[in-house]
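**Student:** The structure is given below, and queries will be raised subsequently.
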Amino acid sequence: MARPGSTPPREGGLFGAPLDEDGGTRQGAVDADIVVLPGGLVLIEQSSPLAALAAFGATVTGDIHCNNGRD
Amino acid sequence: MSAYRAIASKIKCQESIIDALIDRVVQLRRARLGETRFASERDEIIADARQLVAKAVECYEAPVNLFGYQGDMRKQTAHVVARADFVNLHLGGGASNDLGFLRRDDGTFEAIVSDYDSNRWWNNAAPRFWQAAAAHSAERDALAEGYQLHRSEVDGNIRLEVVMAGSSNGAGW
């Protein structure tokens with residue numbers, strides 16, 4: 001059950017379909033994809049509010065559009 | 001086409017600093033031991049690292065002075081301190097000084113590292129350290145909010161897939 005007020009979970013992941021621990025492709029609906037880069041920059045794509053995560057850091061850029069992370 | 005926000009992580013959680021220190025110990029131990037064959041071995045390495053860090057790393061309400069490799073007291077202070085011996089043995093230092101983390105006025109932590117250690121090991125370790133701290137901080141936030149997590153590492157990036165607990169996400173985790 002999604003959190004009240006949240007938008008429907010979307011399919012897939014930020015940089016394409018998520019990979020499981022064995023490197024296989026796994027399709028699933030997630031409320032947020034978080035990618036933490038070396039150095040600590042955090043990329044968040046979220047389809048529900050995740051209030052606590054919103055307070056986690058200051059936004060340093062606006063929305064970024066990517067084509068499955070390959071551009 | 002995906003849209004996402006980029007945020008600069010601000011580590012305000014002392015536990016996330018501790019977690020990142022554990023991560024560093026685990027990382028070096030794995031590098032030394034090579035590929036572990038069993039999940040139980042990996043779990044054991046992590047459990048050992050947790051114990052080591054819990055025993056050795058000091059946490060203070062008020063900052064304390066750091067010491068140099070010869071036992072000389074330095075003017076720099078920190079709230080979380082890994083003493084030089086621990087840095088040398090478990091964090092990849094060598095003839096190191098104390099490593100500290102000072103809580104700034106805004107609640108975020110900064111590393112207090114000597115010039116020697118910066119050049120010797122910290123500059124190489126720092127990107128992974130802050131990445132680990134940010135990931136742990138996000139994990140803690142998400143879990144506290146009642147979300148479930150799936151963590152994976154791809155191409156040096158840590159990915160956290162977050163799903164509201166109890167939702168049917170079809171991901172099998």
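Each chain in the structure tokens gets a letter, A, B and so on, in the order shown; residues start at 1 in every chain, and ligands are counted from 1 in the order they appear.
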Applying 9 Å and only C-alpha atoms, which residues near stretch 34-37 of chain A remain after dropping the ones on its own chain fewer than 3 positions away? List them as a VMD selection string.

**Tutor:** (chain A and resid 14 40 to 46) or (chain B and resid 127 to 128 131 to 132 134 to 135 138 156 to 162)

**Student:** Please dump the current selection as a PDB file, in the first residue's frame; keep C-alpha atoms.

**Tutor:**
```
ATOM      1  CA  LEU A  14      17.009   5.601 -12.321  1.00  0.00           C
ATOM      2  CA  GLY A  40      28.520  11.871  -1.332  1.00  0.00           C
ATOM      3  CA  LEU A  41      26.456  13.605  -3.994  1.00  0.00           C
ATOM      4  CA  VAL A  42      23.007  12.060  -3.870  1.00  0.00           C
ATOM      5  CA  LEU A  43      20.643  11.722  -6.797  1.00  0.00           C
ATOM      6  CA  ILE A  44      17.043  11.117  -5.905  1.00  0.00           C
ATOM      7  CA  GLU A  45      14.185  10.242  -8.154  1.00  0.00           C
ATOM      8  CA  GLN A  46      11.094   9.861  -6.085  1.00  0.00           C
TER       9      GLN A  46
ATOM     10  CA  PRO B 127      35.183  10.042  -1.802  1.00  0.00           C
ATOM     11  CA  ARG B 128      34.228   6.523  -0.765  1.00  0.00           C
ATOM     12  CA  GLN B 131      29.624   8.207  -0.186  1.00  0.00           C
ATOM     13  CA  ALA B 132      29.237   5.535   2.495  1.00  0.00           C
ATOM     14  CA  ALA B 134      25.622   9.624   2.764  1.00  0.00           C
ATOM     15  CA  ALA B 135      24.221   6.218   1.854  1.00  0.00           C
ATOM     16  CA  ALA B 138      19.745   8.025   3.578  1.00  0.00           C
ATOM     17  CA  GLY B 156      31.073   2.455  -7.923  1.00  0.00           C
ATOM     18  CA  ASN B 157      27.702   4.024  -7.197  1.00  0.00           C
ATOM     19  CA  ILE B 158      25.530   2.927  -4.297  1.00  0.00           C
ATOM     20  CA  ARG B 159      21.905   2.499  -5.279  1.00  0.00           C
ATOM     21  CA  LEU B 160      19.090   2.420  -2.776  1.00  0.00           C
ATOM     22  CA  GLU B 161      15.731   1.368  -4.103  1.00  0.00           C
ATOM     23  CA  VAL B 162      13.092   2.504  -1.662  1.00  0.00           C
TER      24      VAL B 162
END
```

**Student:** Could you write out, as a VMD selection string, all the residues of stretch 42-159 of chain B that DSSP marks as helix (DSSP H, G or I)?

**Tutor:** chain B and resid 42 to 56 84 to 91 115 to 144

**Student:** Could the residues in this selection be saved with N, CA and C atoms as a compact mmCIF listing (two decimals), in the first residue's frame?

**Tutor:**
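selection05.txt was written with the following content:
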```
# COMPACT_ATOMS: atom_id res chain seq x y z
N ARG B 42 31.65 -12.85 4.76
CA ARG B 42 31.41 -11.40 4.63
C ARG B 42 30.74 -10.86 5.90
N ASP B 43 29.78 -11.61 6.41
CA ASP B 43 29.09 -11.18 7.63
C ASP B 43 30.07 -11.09 8.80
N GLU B 44 31.00 -12.05 8.82
CA GLU B 44 31.97 -12.08 9.92
C GLU B 44 32.90 -10.86 9.85
N ILE B 45 33.31 -10.52 8.64
CA ILE B 45 34.18 -9.34 8.46
C ILE B 45 33.46 -8.08 8.94
N ILE B 46 32.20 -7.97 8.58
CA ILE B 46 31.43 -6.78 8.98
C ILE B 46 31.23 -6.75 10.49
N ALA B 47 30.93 -7.91 11.07
CA ALA B 47 30.73 -7.97 12.52
C ALA B 47 32.01 -7.59 13.27
N ASP B 48 33.14 -8.10 12.77
CA ASP B 48 34.43 -7.76 13.38
C ASP B 48 34.70 -6.26 13.29
N ALA B 49 34.42 -5.70 12.12
CA ALA B 49 34.67 -4.27 11.93
C ALA B 49 33.80 -3.44 12.86
N ARG B 50 32.56 -3.86 13.01
CA ARG B 50 31.65 -3.14 13.93
C ARG B 50 32.21 -3.15 15.35
N GLN B 51 32.68 -4.30 15.74
CA GLN B 51 33.23 -4.42 17.10
C GLN B 51 34.46 -3.54 17.27
N LEU B 52 35.34 -3.60 16.28
CA LEU B 52 36.57 -2.80 16.33
C LEU B 52 36.26 -1.32 16.47
N VAL B 53 35.37 -0.85 15.61
CA VAL B 53 35.05 0.58 15.60
C VAL B 53 34.33 0.97 16.89
N ALA B 54 33.41 0.13 17.33
CA ALA B 54 32.67 0.44 18.55
C ALA B 54 33.61 0.56 19.75
N LYS B 55 34.64 -0.27 19.73
CA LYS B 55 35.58 -0.29 20.86
C LYS B 55 36.58 0.87 20.80
N ALA B 56 36.99 1.22 19.58
CA ALA B 56 38.12 2.15 19.45
C ALA B 56 37.73 3.59 19.16
N ALA B 84 45.36 7.63 16.35
CA ALA B 84 46.36 7.30 15.33
C ALA B 84 46.61 5.80 15.20
N ASP B 85 46.69 5.10 16.33
CA ASP B 85 46.95 3.66 16.26
C ASP B 85 45.88 2.95 15.44
N PHE B 86 44.64 3.34 15.68
CA PHE B 86 43.53 2.72 14.96
C PHE B 86 43.60 3.06 13.47
N VAL B 87 43.93 4.32 13.19
CA VAL B 87 44.06 4.74 11.79
C VAL B 87 45.13 3.92 11.09
N ASN B 88 46.27 3.73 11.77
CA ASN B 88 47.36 2.97 11.17
C ASN B 88 46.99 1.51 10.94
N LEU B 89 46.33 0.92 11.93
CA LEU B 89 46.05 -0.51 11.85
C LEU B 89 44.85 -0.85 10.97
N HIS B 90 43.84 0.01 10.97
CA HIS B 90 42.56 -0.41 10.38
C HIS B 90 42.00 0.51 9.30
N LEU B 91 42.54 1.72 9.16
CA LEU B 91 41.97 2.63 8.17
C LEU B 91 42.91 2.89 7.00
N ASP B 115 47.76 17.36 7.19
CA ASP B 115 48.26 17.41 5.82
C ASP B 115 48.93 16.10 5.43
N TYR B 116 49.69 15.56 6.38
CA TYR B 116 50.38 14.30 6.10
C TYR B 116 49.39 13.20 5.72
N ASP B 117 48.34 13.07 6.54
CA ASP B 117 47.36 12.02 6.28
C ASP B 117 46.53 12.29 5.04
N SER B 118 46.27 13.56 4.79
CA SER B 118 45.52 13.90 3.57
C SER B 118 46.22 13.35 2.35
N ASN B 119 47.52 13.62 2.29
CA ASN B 119 48.28 13.17 1.12
C ASN B 119 48.55 11.67 1.15
N ARG B 120 48.70 11.14 2.35
CA ARG B 120 49.10 9.72 2.46
C ARG B 120 47.96 8.77 2.14
N TRP B 121 46.73 9.09 2.62
CA TRP B 121 45.65 8.13 2.40
C TRP B 121 44.26 8.75 2.35
N TRP B 122 44.06 9.84 3.09
CA TRP B 122 42.69 10.35 3.21
C TRP B 122 42.11 10.86 1.88
N ASN B 123 42.93 11.56 1.11
CA ASN B 123 42.41 12.11 -0.14
C ASN B 123 41.87 11.01 -1.07
N ASN B 124 42.50 9.86 -1.01
CA ASN B 124 42.00 8.73 -1.81
C ASN B 124 40.78 8.09 -1.17
N ALA B 125 40.76 8.08 0.14
CA ALA B 125 39.68 7.39 0.85
C ALA B 125 38.42 8.25 0.97
N ALA B 126 38.59 9.57 0.94
CA ALA B 126 37.47 10.46 1.25
C ALA B 126 36.24 10.30 0.35
N PRO B 127 36.40 10.18 -0.98
CA PRO B 127 35.18 10.04 -1.80
C PRO B 127 34.33 8.85 -1.39
N ARG B 128 34.97 7.72 -1.16
CA ARG B 128 34.23 6.52 -0.77
C ARG B 128 33.67 6.70 0.66
N PHE B 129 34.45 7.37 1.52
CA PHE B 129 34.00 7.56 2.89
C PHE B 129 32.71 8.38 2.93
N TRP B 130 32.71 9.51 2.23
CA TRP B 130 31.51 10.38 2.26
C TRP B 130 30.35 9.75 1.50
N GLN B 131 30.68 8.96 0.51
CA GLN B 131 29.62 8.21 -0.19
C GLN B 131 28.96 7.23 0.79
N ALA B 132 29.79 6.50 1.54
CA ALA B 132 29.24 5.53 2.50
C ALA B 132 28.42 6.25 3.57
N ALA B 133 28.95 7.37 4.05
CA ALA B 133 28.22 8.11 5.10
C ALA B 133 26.88 8.61 4.57
N ALA B 134 26.87 9.12 3.34
CA ALA B 134 25.62 9.62 2.76
C ALA B 134 24.62 8.50 2.54
N ALA B 135 25.11 7.36 2.09
CA ALA B 135 24.22 6.22 1.85
C ALA B 135 23.62 5.73 3.17
N HIS B 136 24.47 5.62 4.18
CA HIS B 136 23.96 5.18 5.49
C HIS B 136 22.95 6.18 6.05
N SER B 137 23.23 7.45 5.85
CA SER B 137 22.32 8.48 6.34
C SER B 137 20.96 8.37 5.64
N ALA B 138 21.00 8.18 4.33
CA ALA B 138 19.75 8.03 3.58
C ALA B 138 19.01 6.77 4.01
N GLU B 139 19.76 5.71 4.24
CA GLU B 139 19.14 4.45 4.70
C GLU B 139 18.44 4.65 6.03
N ARG B 140 19.13 5.31 6.93
CA ARG B 140 18.53 5.54 8.26
C ARG B 140 17.26 6.37 8.15
N ASP B 141 17.32 7.42 7.33
CA ASP B 141 16.14 8.27 7.14
C ASP B 141 14.98 7.47 6.57
N ALA B 142 15.27 6.67 5.54
CA ALA B 142 14.20 5.92 4.88
C ALA B 142 13.61 4.87 5.82
N LEU B 143 14.46 4.17 6.53
CA LEU B 143 13.97 3.14 7.46
C LEU B 143 13.14 3.78 8.58
N ALA B 144 13.59 4.94 9.05
CA ALA B 144 12.85 5.62 10.12
C ALA B 144 11.47 6.06 9.63
```

**Student:** Please indicate the distance in Å from atom CA of B:Gly146 to atom CA of A:Ala32, rounded to one decimal place.

**Tutor:**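 These atoms are spaced 13.1 Å apart.
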
**Student:** Atom CA of B:Ile112 and atom CA of B:Thr77, how far apart in Å?

**Tutor:**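 The value is 7.9 Å.
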
**Student:** Report the distance between atom CA of B:Arg74 and atom CA of B:Glu61 in Å, rounded to one decimal place.

**Tutor:** 18.8 Å
